[in-house]
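Colleague: I'd like to ask some things about the structure below.
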Amino acid sequence: MISTKIGQLINEQITKEQYAAQYYLSMSAWFSAKDLDGIANYFRVQSKEELMHADKMFDYLNDVGAEIIIGEIAKPPHEFADAKDIFEKALAHEKIVTQSIFNILKNANDEGDFATVSFLQWFVTEQVEEEANASQLVTKIKMVCDNPSALYLFDQELSQRVFNPVPAK
Ligand code: FEO
C-alpha cells in the first residue's frame, strides 16, 4: 500500500523518535542529578511521549503491510551547560523533528499516498503543540534560571506533568 521510499522514511522516523526519547531521558537525568525532580519529571514524560510516537508509526507500518526494520539509536549527549541550554536544545530538537515529519508528508503527497498523508496529520498537530510548549518553556527558564525561589516554583510546576498515552490508532 505504501512505497518502499515512504516505508523507509517512516522506519527512519521511528528511529528518530526513539532517539528523541533517549535525548530527553538524558536531559531528565541531568535535572535529577541537580535535585530538580519536577523538571526531570517533565523530560521523563516527554521521553515516554516520544516512544509513543514511535509506536504509532510502528503500528501504521504494520497496518499497511510495510517491512519494519529497527534502526540503530545513537548515544545522546549527557553534558549540558545549564538548564537554559537544555530547554533551548529541546526546542531546537523539536524543530528538527517537525521538519523531518514535513519531509515525509511532502513525499507522501507527491506520491499521491493519501493514507500516509492522513496518518501524518496527527503528527503535524502534535508538533505544533510540542514546539509551542518547548518555546514557552525556553521563555520561562530564562525568567527563572537566575532566581532560586522562582526556579523552585518552576520545578514544582513541571512536577505536575503526567503521561497521557493516546490510543495507537
Ligand atoms: Fe515526537 Fe517531540 O516529537
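Residues in the C-alpha cells are numbered from 1 in each chain, the chains being A, B, ... in the order shown, and ligands are numbered from 1 in the order shown.
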Show me which residues line ligand 1, defined as having an atom within 9 Å of a ligand atom where only C-alpha atoms and all ligand atoms count, and present them as a list of chain:residue names.

Modeller: A:Gln13, A:Lys16, A:Glu17, A:Gln18, A:Ala20, A:Ala21, A:Gln46, A:Ser47, A:Glu49, A:Glu50, A:Leu51, A:Met52, A:His53, A:Ala54, A:Ala90, A:His93, A:Glu94, A:Lys95, A:Ile96, A:Val97, A:Thr98, A:Phe123, A:Glu126, A:Gln127, A:Glu130, A:Glu131

Colleague: Please save C-alpha atoms of the selected residues as a compact mmCIF listing (two decimals), in the first residue's frame.

Modeller:
```
# COMPACT_ATOMS: atom_id res chain seq x y z
CA GLN A 13 11.38 8.42 11.67
CA LYS A 16 14.40 9.49 15.23
CA GLU A 17 11.53 9.37 17.71
CA GLN A 18 13.38 6.75 19.74
CA ALA A 20 14.41 11.86 20.89
CA ALA A 21 13.21 9.64 23.76
CA GLN A 46 8.46 13.81 27.21
CA SER A 47 10.67 10.78 26.68
CA GLU A 49 5.70 10.56 24.59
CA GLU A 50 8.44 10.10 22.02
CA LEU A 51 8.28 6.33 22.45
CA MET A 52 4.53 6.56 21.96
CA HIS A 53 5.13 8.46 18.70
CA ALA A 54 7.46 5.68 17.55
CA ALA A 90 14.85 20.61 23.39
CA HIS A 93 15.29 19.27 18.51
CA GLU A 94 11.53 19.58 18.16
CA LYS A 95 12.04 21.85 15.17
CA ILE A 96 14.25 19.22 13.55
CA VAL A 97 11.61 16.54 14.17
CA THR A 98 8.92 18.79 12.69
CA PHE A 123 1.87 14.33 13.99
CA GLU A 126 1.33 17.22 17.72
CA GLN A 127 4.42 19.07 16.51
CA GLU A 130 5.30 20.37 21.10
CA GLU A 131 7.07 23.37 19.59
```

Colleague: Atom CA of Glu157 of chain A to atom CA of Ser32 of chain A: how many Å, to one decimal?

Modeller: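 Separation of atom CA of Glu157 of chain A and atom CA of Ser32 of chain A: 15.4 Å.
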
Colleague: What does the structure give for the distance between atom CA of Thr139 of chain A and atom CA of Trp122 of chain A, in Å to one decimal?

Modeller: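 Distance between the two atoms: 26.2 Å.
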
Colleague: Report, in Å with one decimal, the straight-line distance from atom CA of Ile68 of chain A to atom CA of Asn11 of chain A.

Modeller: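 For atom CA of Ile68 of chain A relative to atom CA of Asn11 of chain A, the distance reads 6.4 Å.
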
Colleague: Got a sec: who's within 12 Å of Asn62 of chain A, counting only C-alpha atoms, leaving out chain neighbours fewer than 2 positions off, as an NGL selection string?

Modeller: :A and (1-2 or 7 or 10-11 or 55-60 or 64-69 or 168-169)

Colleague: What lies within 9 Å of segment 116-118 of chain A using only C-alpha atoms, ignoring chain neighbours under 5 positions off, as a list in words?

Modeller: Ile2, Ile6, Tyr60, Ile104, Leu105, Lys106, Ala108 and Asn109 of chain A

Colleague: Can I get the selected residues back with N, CA, C and O atoms, as a PDB file, in the first residue's frame?

Modeller:
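Wrote it out as selection_36.pdb, contents follow:
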```
ATOM      1  N   ILE A   2       2.011   1.215   0.672  1.00  0.00           N
ATOM      2  CA  ILE A   2       2.885   2.385   0.620  1.00  0.00           C
ATOM      3  C   ILE A   2       4.162   2.008  -0.125  1.00  0.00           C
ATOM      4  O   ILE A   2       4.528   0.834  -0.183  1.00  0.00           O
ATOM      5  N   ILE A   6       8.541   5.602   1.074  1.00  0.00           N
ATOM      6  CA  ILE A   6       7.782   6.101   2.229  1.00  0.00           C
ATOM      7  C   ILE A   6       7.993   5.162   3.425  1.00  0.00           C
ATOM      8  O   ILE A   6       8.161   5.613   4.565  1.00  0.00           O
ATOM      9  N   TYR A  60       1.423   1.747  12.279  1.00  0.00           N
ATOM     10  CA  TYR A  60       0.991   2.137  10.933  1.00  0.00           C
ATOM     11  C   TYR A  60       1.683   1.271   9.884  1.00  0.00           C
ATOM     12  O   TYR A  60       1.037   0.777   8.949  1.00  0.00           O
ATOM     13  N   ILE A 104       8.452  13.744   5.194  1.00  0.00           N
ATOM     14  CA  ILE A 104       7.698  12.519   4.851  1.00  0.00           C
ATOM     15  C   ILE A 104       6.364  12.907   4.224  1.00  0.00           C
ATOM     16  O   ILE A 104       5.933  12.328   3.219  1.00  0.00           O
ATOM     17  N   LEU A 105       5.731  13.883   4.823  1.00  0.00           N
ATOM     18  CA  LEU A 105       4.427  14.329   4.337  1.00  0.00           C
ATOM     19  C   LEU A 105       4.527  14.828   2.893  1.00  0.00           C
ATOM     20  O   LEU A 105       3.679  14.499   2.052  1.00  0.00           O
ATOM     21  N   LYS A 106       5.560  15.583   2.611  1.00  0.00           N
ATOM     22  CA  LYS A 106       5.738  16.113   1.253  1.00  0.00           C
ATOM     23  C   LYS A 106       5.923  14.970   0.255  1.00  0.00           C
ATOM     24  O   LYS A 106       5.320  14.965  -0.806  1.00  0.00           O
ATOM     25  N   ALA A 108       4.955  11.844   0.642  1.00  0.00           N
ATOM     26  CA  ALA A 108       3.693  11.091   0.542  1.00  0.00           C
ATOM     27  C   ALA A 108       2.709  11.834  -0.352  1.00  0.00           C
ATOM     28  O   ALA A 108       2.012  11.227  -1.182  1.00  0.00           O
ATOM     29  N   ASN A 109       2.658  13.134  -0.203  1.00  0.00           N
ATOM     30  CA  ASN A 109       1.756  13.947  -1.023  1.00  0.00           C
ATOM     31  C   ASN A 109       2.146  13.861  -2.492  1.00  0.00           C
ATOM     32  O   ASN A 109       1.299  13.690  -3.365  1.00  0.00           O
TER      33      ASN A 109
END
```

Colleague: Which is closest to Ile86 of chain A among A:Leu9, A:Val162, A:Leu137, A:Leu151, if we use only C-alpha atoms?

Modeller: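 Using only C-alpha atoms, Ile86 of chain A sits closest to A:Leu137.
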
Colleague: Quick one: residues within 9 Å of Ser159 of chain A, only C-alpha atoms, excluding same-chain residues fewer than 3 positions away - as a list in words?

Modeller: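 Non-adjacent residues within range: Asp37, Gly38, Ile39, Ala40, Asn41, Tyr42, Phe154, Asp155, Gln156 and Val162 of chain A.
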